[in-house]
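Worksheet: the structure to be examined is printed underneath.
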Amino acid sequence: MAGGGDKLKLLSTWFSPFGSRVQLALHLKGLSYEYVEEDLMNKSQLLLESNPVHKKVPVLFHRGKALCESMVIVDYIEEAFPDAGQPLLPSDPYKRAIARFWVAFMETKLVEPWMRMLDGTRTRAEMTEGVKQMLAAVATLEGALGQCSKGKPFFGGDSIGYVDVALGGLLVWVRASEVLLGVKFLDAARTPLLAAWSERFASLDAAKAALPDFGRVIKHAMMRRGAAAAVLAANN
């Protein structure tokens with residue numbers, strides 16, 4: 001299997017926000033890795049064998065074993081390389097649990113409705129409901145940022161932490177969704193803390209290295225939505 005020995009190999013796509021999470025963690029930890037671009041339209045045998053349950057990216061290979069699911073991988077990186085770079089999770093067990101709580105909230109209340117809206121098959125009523133769900137989730141995360149940061153720049157305090165990586169990996173896609181859906185999710189008037197956080201996060205060297213190009217993401221998303229709509233029309 002790929003990734004034998006101590007070598008790290010990441011299988012992902014350039015546009016995957018979940019792959020971006022893993023790349024952020026690797027950059028913040030200062031870990032070198034081999035990147036392999038996956039073609040999701042023609043999935044490789046490596047992907048099918050290494051993630052037989054979901055058949056999705058990202059997949060991280062280390063010591064001859066494969067790991068799937070972005071935040072599971074981030075957890076692994078944190079535990080497997082405790083002395084590398086900055087810690088992503090606090091040492092206090094309660095604070096670690098709180099960070100994981102907010103990431104779990106993000107996955108169910110923000111990511112799930114967002115992914116449904118971008119598939120190009122939803123009715124207008126479903127899109128409206130999805131936007132409401134996302135705006136409610138963002139408003140809750142605004143409060144979480146205030147609670148976790150205690151006036152400091154990031155969810156992790158003075159430095160990037162676990163929740164920052166989880167949300168930061170989505171940042172370009174959230175911005176792209178504002179254009180595609182015509183809704184401002186990170187609004188300086190409604191969510192001033194998150195709006196300022198997003199600017200700070202985007203300016204980080206790790207973010208510049210790990211996040212995809214905004215314009216390229218817009219073009220990719222429009223193409224994907226158009227293809228999905230064409231398939232739906234052909235089957236009606």
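To be explicit about the labels: the chains of the structure tokens are called A, B, and onward in the order shown, and within each one the residues are counted from 1, while ligands get numbers from 1 in the order they are shown.
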
May I have the residues within 7 Å of stretch 105-119 of chain A as a count of residues only, using only C-alpha atoms and disregarding those fewer than 6 positions away in the same chain? 7

Which polymer residues have any atom within 10 Å of an atom of stretch 158-169 of chain A, counting only C-alpha atoms, with same-chain residues fewer than 3 positions away left out, as JSON, numbers by chain? {"A": [16, 17, 18, 19, 20, 21, 22, 23, 24, 25, 28, 70, 71, 74, 75, 78, 86, 87, 88, 89, 90, 96, 98, 99, 100, 101, 102, 103, 104, 106, 107, 110, 111, 141, 144, 145, 148, 149, 150, 151, 152, 153, 154, 155, 172, 173, 174, 197, 198, 201, 202, 204, 207, 210, 211, 212]}

Residues from the last selection, C-alpha atoms, saved as a PDB file, in the first residue's frame:
ATOM      1  CA  SER A  16     -11.713  19.629  -1.936  1.00  0.00           C
ATOM      2  CA  PRO A  17     -12.344  21.756   1.170  1.00  0.00           C
ATOM      3  CA  PHE A  18     -11.880  18.609   3.229  1.00  0.00           C
ATOM      4  CA  GLY A  19      -8.524  17.941   1.639  1.00  0.00           C
ATOM      5  CA  SER A  20      -7.662  21.573   2.413  1.00  0.00           C
ATOM      6  CA  ARG A  21      -8.246  20.847   6.096  1.00  0.00           C
ATOM      7  CA  VAL A  22      -5.646  18.093   6.014  1.00  0.00           C
ATOM      8  CA  GLN A  23      -3.186  20.240   4.067  1.00  0.00           C
ATOM      9  CA  LEU A  24      -3.643  23.043   6.590  1.00  0.00           C
ATOM     10  CA  ALA A  25      -2.828  20.683   9.455  1.00  0.00           C
ATOM     11  CA  LEU A  28       0.894  24.073  10.421  1.00  0.00           C
ATOM     12  CA  SER A  70     -10.744  14.992   7.093  1.00  0.00           C
ATOM     13  CA  MET A  71     -11.058  15.679  10.817  1.00  0.00           C
ATOM     14  CA  VAL A  74      -6.365  15.974  11.504  1.00  0.00           C
ATOM     15  CA  ASP A  75      -6.787  14.211  14.850  1.00  0.00           C
ATOM     16  CA  GLU A  78      -2.046  15.859  16.017  1.00  0.00           C
ATOM     17  CA  GLN A  86       2.144  24.024  16.993  1.00  0.00           C
ATOM     18  CA  PRO A  87      -0.483  22.013  18.891  1.00  0.00           C
ATOM     19  CA  LEU A  88      -3.894  22.119  17.249  1.00  0.00           C
ATOM     20  CA  LEU A  89      -5.768  20.913  20.321  1.00  0.00           C
ATOM     21  CA  PRO A  90      -5.377  22.298  23.855  1.00  0.00           C
ATOM     22  CA  ARG A  96     -10.269  19.572  23.786  1.00  0.00           C
ATOM     23  CA  ILE A  98     -15.264  21.745  23.515  1.00  0.00           C
ATOM     24  CA  ALA A  99     -13.200  22.097  20.321  1.00  0.00           C
ATOM     25  CA  ARG A 100     -14.468  18.739  19.072  1.00  0.00           C
ATOM     26  CA  PHE A 101     -18.035  19.727  19.973  1.00  0.00           C
ATOM     27  CA  TRP A 102     -17.856  22.804  17.758  1.00  0.00           C
ATOM     28  CA  VAL A 103     -16.393  20.841  14.869  1.00  0.00           C
ATOM     29  CA  ALA A 104     -19.196  18.271  15.169  1.00  0.00           C
ATOM     30  CA  MET A 106     -20.081  22.567  12.064  1.00  0.00           C
ATOM     31  CA  GLU A 107     -20.311  19.272  10.192  1.00  0.00           C
ATOM     32  CA  LEU A 110     -23.210  24.019   8.307  1.00  0.00           C
ATOM     33  CA  VAL A 111     -21.509  21.515   6.028  1.00  0.00           C
ATOM     34  CA  LEU A 141     -20.365  29.922  15.268  1.00  0.00           C
ATOM     35  CA  ALA A 144     -18.550  30.100  19.562  1.00  0.00           C
ATOM     36  CA  LEU A 145     -15.651  32.209  18.281  1.00  0.00           C
ATOM     37  CA  CYS A 148     -13.358  30.043  22.430  1.00  0.00           C
ATOM     38  CA  SER A 149     -11.068  32.944  21.509  1.00  0.00           C
ATOM     39  CA  LYS A 150     -11.765  35.126  24.563  1.00  0.00           C
ATOM     40  CA  GLY A 151     -10.832  38.198  22.552  1.00  0.00           C
ATOM     41  CA  LYS A 152      -7.831  36.617  20.839  1.00  0.00           C
ATOM     42  CA  PRO A 153      -7.457  36.246  17.052  1.00  0.00           C
ATOM     43  CA  PHE A 154      -8.501  32.617  16.543  1.00  0.00           C
ATOM     44  CA  PHE A 155     -10.742  29.870  17.880  1.00  0.00           C
ATOM     45  CA  VAL A 172     -12.758  29.580  -0.048  1.00  0.00           C
ATOM     46  CA  TRP A 173     -15.866  27.517  -0.702  1.00  0.00           C
ATOM     47  CA  VAL A 174     -17.910  29.617   1.732  1.00  0.00           C
ATOM     48  CA  TRP A 197     -11.363  36.020  11.574  1.00  0.00           C
ATOM     49  CA  SER A 198     -11.726  35.055   7.902  1.00  0.00           C
ATOM     50  CA  PHE A 201      -7.004  33.310   8.464  1.00  0.00           C
ATOM     51  CA  ALA A 202      -6.709  33.913   4.719  1.00  0.00           C
ATOM     52  CA  LEU A 204      -1.690  33.047   6.968  1.00  0.00           C
ATOM     53  CA  ALA A 207      -3.775  29.132   4.270  1.00  0.00           C
ATOM     54  CA  ALA A 210      -3.322  24.920   1.381  1.00  0.00           C
ATOM     55  CA  LEU A 211      -6.426  26.683   0.084  1.00  0.00           C
ATOM     56  CA  PRO A 212      -7.512  26.595  -3.580  1.00  0.00           C
TER      57      PRO A 212
END

Can you measure atom CA of A:Ala195 to atom CA of A:Met223 for me? One decimal in Å is fine.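 For atom CA of A:Ala195 relative to atom CA of A:Met223, the distance reads 27.8 Å.
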
Could you give me, as a PDB file with N, CA, C and O atoms, in the first residue's frame, each residue of stretch 20-230 of chain A that DSSP assigns to strand (DSSP E) when run on this structure's backbone?
ATOM      1  N   GLU A  34       3.824  13.875   0.315  1.00  0.00           N
ATOM      2  CA  GLU A  34       3.621  13.759  -1.126  1.00  0.00           C
ATOM      3  C   GLU A  34       2.144  13.960  -1.419  1.00  0.00           C
ATOM      4  O   GLU A  34       1.294  13.345  -0.781  1.00  0.00           O
ATOM      5  N   TYR A  35       1.857  14.819  -2.375  1.00  0.00           N
ATOM      6  CA  TYR A  35       0.464  15.064  -2.759  1.00  0.00           C
ATOM      7  C   TYR A  35       0.150  14.327  -4.055  1.00  0.00           C
ATOM      8  O   TYR A  35       0.911  14.412  -5.023  1.00  0.00           O
ATOM      9  N   VAL A  36      -0.984  13.629  -4.075  1.00  0.00           N
ATOM     10  CA  VAL A  36      -1.435  12.907  -5.269  1.00  0.00           C
ATOM     11  C   VAL A  36      -2.833  13.400  -5.615  1.00  0.00           C
ATOM     12  O   VAL A  36      -3.759  13.301  -4.799  1.00  0.00           O
ATOM     13  N   GLU A  37      -3.001  13.934  -6.816  1.00  0.00           N
ATOM     14  CA  GLU A  37      -4.293  14.432  -7.270  1.00  0.00           C
ATOM     15  C   GLU A  37      -5.166  13.271  -7.748  1.00  0.00           C
ATOM     16  O   GLU A  37      -4.753  12.470  -8.589  1.00  0.00           O
ATOM     17  N   VAL A  59      -7.619  11.033   1.593  1.00  0.00           N
ATOM     18  CA  VAL A  59      -7.067   9.844   2.236  1.00  0.00           C
ATOM     19  C   VAL A  59      -5.600  10.143   2.543  1.00  0.00           C
ATOM     20  O   VAL A  59      -4.869  10.612   1.670  1.00  0.00           O
ATOM     21  N   LEU A  60      -5.193   9.885   3.773  1.00  0.00           N
ATOM     22  CA  LEU A  60      -3.799  10.064   4.173  1.00  0.00           C
ATOM     23  C   LEU A  60      -3.176   8.696   4.394  1.00  0.00           C
ATOM     24  O   LEU A  60      -3.748   7.848   5.084  1.00  0.00           O
ATOM     25  N   PHE A  61      -2.001   8.493   3.808  1.00  0.00           N
ATOM     26  CA  PHE A  61      -1.262   7.248   3.987  1.00  0.00           C
ATOM     27  C   PHE A  61      -0.057   7.507   4.885  1.00  0.00           C
ATOM     28  O   PHE A  61       0.679   8.465   4.685  1.00  0.00           O
ATOM     29  N   HIS A  62       0.115   6.624   5.870  1.00  0.00           N
ATOM     30  CA  HIS A  62       1.262   6.733   6.776  1.00  0.00           C
ATOM     31  C   HIS A  62       1.573   5.351   7.337  1.00  0.00           C
ATOM     32  O   HIS A  62       0.680   4.653   7.802  1.00  0.00           O
ATOM     33  N   LYS A  65      -0.545   2.417   6.132  1.00  0.00           N
ATOM     34  CA  LYS A  65      -1.971   2.380   6.457  1.00  0.00           C
ATOM     35  C   LYS A  65      -2.666   3.630   5.930  1.00  0.00           C
ATOM     36  O   LYS A  65      -2.056   4.688   5.799  1.00  0.00           O
ATOM     37  N   ALA A  66      -3.964   3.477   5.641  1.00  0.00           N
ATOM     38  CA  ALA A  66      -4.749   4.577   5.097  1.00  0.00           C
ATOM     39  C   ALA A  66      -5.736   5.098   6.128  1.00  0.00           C
ATOM     40  O   ALA A  66      -6.330   4.329   6.885  1.00  0.00           O
ATOM     41  N   LEU A  67      -5.891   6.420   6.145  1.00  0.00           N
ATOM     42  CA  LEU A  67      -6.854   7.075   7.024  1.00  0.00           C
ATOM     43  C   LEU A  67      -7.785   7.939   6.189  1.00  0.00           C
ATOM     44  O   LEU A  67      -7.342   8.623   5.257  1.00  0.00           O
ATOM     45  N   CYS A  68      -9.087   7.922   6.532  1.00  0.00           N
ATOM     46  CA  CYS A  68     -10.091   8.668   5.787  1.00  0.00           C
ATOM     47  C   CYS A  68     -10.844   9.628   6.718  1.00  0.00           C
ATOM     48  O   CYS A  68     -10.764   9.494   7.943  1.00  0.00           O
TER      49      CYS A  68
END

From the DSSP assignment of the backbone, select every residue of chain A that is alpha helix (DSSP H), and format the answer as an MDAnalysis selection string. chainID A and resid 17:29 45:50 70:80 93:106 112:117 124:149 162:168 171:181 192:202 205:210 214:234

Polymer residues at most 9 Å from A:Leu180, only C-alpha atoms, same-chain spacing of 3 or more positions, as number ranges by chain: A: 118, 175-177, 183, 218, 221-222

How about saving the chosen residues, N, CA, C and O atoms kept, as a short mmCIF file (atom, residue, chain, number, x, y, z; two decimals), in the first residue's frame?
data_model
loop_
_atom_site.label_atom_id
_atom_site.label_comp_id
_atom_site.auth_asym_id
_atom_site.auth_seq_id
_atom_site.Cartn_x
_atom_site.Cartn_y
_atom_site.Cartn_z
N LEU A 118 -25.30 22.77 -3.04
CA LEU A 118 -24.37 22.92 -4.16
C LEU A 118 -24.46 21.80 -5.19
O LEU A 118 -23.72 21.81 -6.16
N ARG A 175 -16.82 31.49 0.65
CA ARG A 175 -16.77 32.73 -0.13
C ARG A 175 -17.35 32.51 -1.53
O ARG A 175 -18.07 33.36 -2.07
N ALA A 176 -17.03 31.37 -2.14
CA ALA A 176 -17.57 31.07 -3.46
C ALA A 176 -19.08 30.90 -3.40
O ALA A 176 -19.81 31.34 -4.31
N SER A 177 -19.57 30.31 -2.33
CA SER A 177 -21.01 30.11 -2.16
C SER A 177 -21.74 31.43 -2.03
O SER A 177 -22.90 31.56 -2.44
N VAL A 183 -25.79 35.20 -1.27
CA VAL A 183 -26.02 35.40 0.17
C VAL A 183 -24.68 35.65 0.85
O VAL A 183 -23.71 34.92 0.60
N ILE A 218 -14.82 28.98 -8.21
CA ILE A 218 -16.08 29.48 -8.78
C ILE A 218 -16.38 28.79 -10.10
O ILE A 218 -17.50 28.30 -10.34
N ALA A 221 -17.35 25.12 -9.53
CA ALA A 221 -18.67 24.96 -8.93
C ALA A 221 -19.77 25.22 -9.95
O ALA A 221 -20.77 24.48 -9.99
N MET A 222 -19.59 26.22 -10.79
CA MET A 222 -20.60 26.51 -11.82
C MET A 222 -20.69 25.38 -12.84
O MET A 222 -21.78 25.00 -13.27
#

State, in Å with one decimal place, the distance from atom CA of A:Val131 to atom CA of A:Thr191.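 These atoms are spaced 15.5 Å apart.
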
Considering only C-alpha atoms, can you say which of A:Ala84, A:Ala97, A:Ala189, A:Val57 comes closest to A:Leu26?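 Of all the options, A:Ala84 lies closest to A:Leu26.
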
From A:Asp187, A:Arg216, A:Val72, A:Phe15, residue lying nearest A:Leu170 [only C-alpha atoms]: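 For A:Leu170, the nearest of the candidates is A:Phe15.
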
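Here atom CA of A:Ser91 stands at a distance of 18.7 Å from atom CA of A:Ile73.
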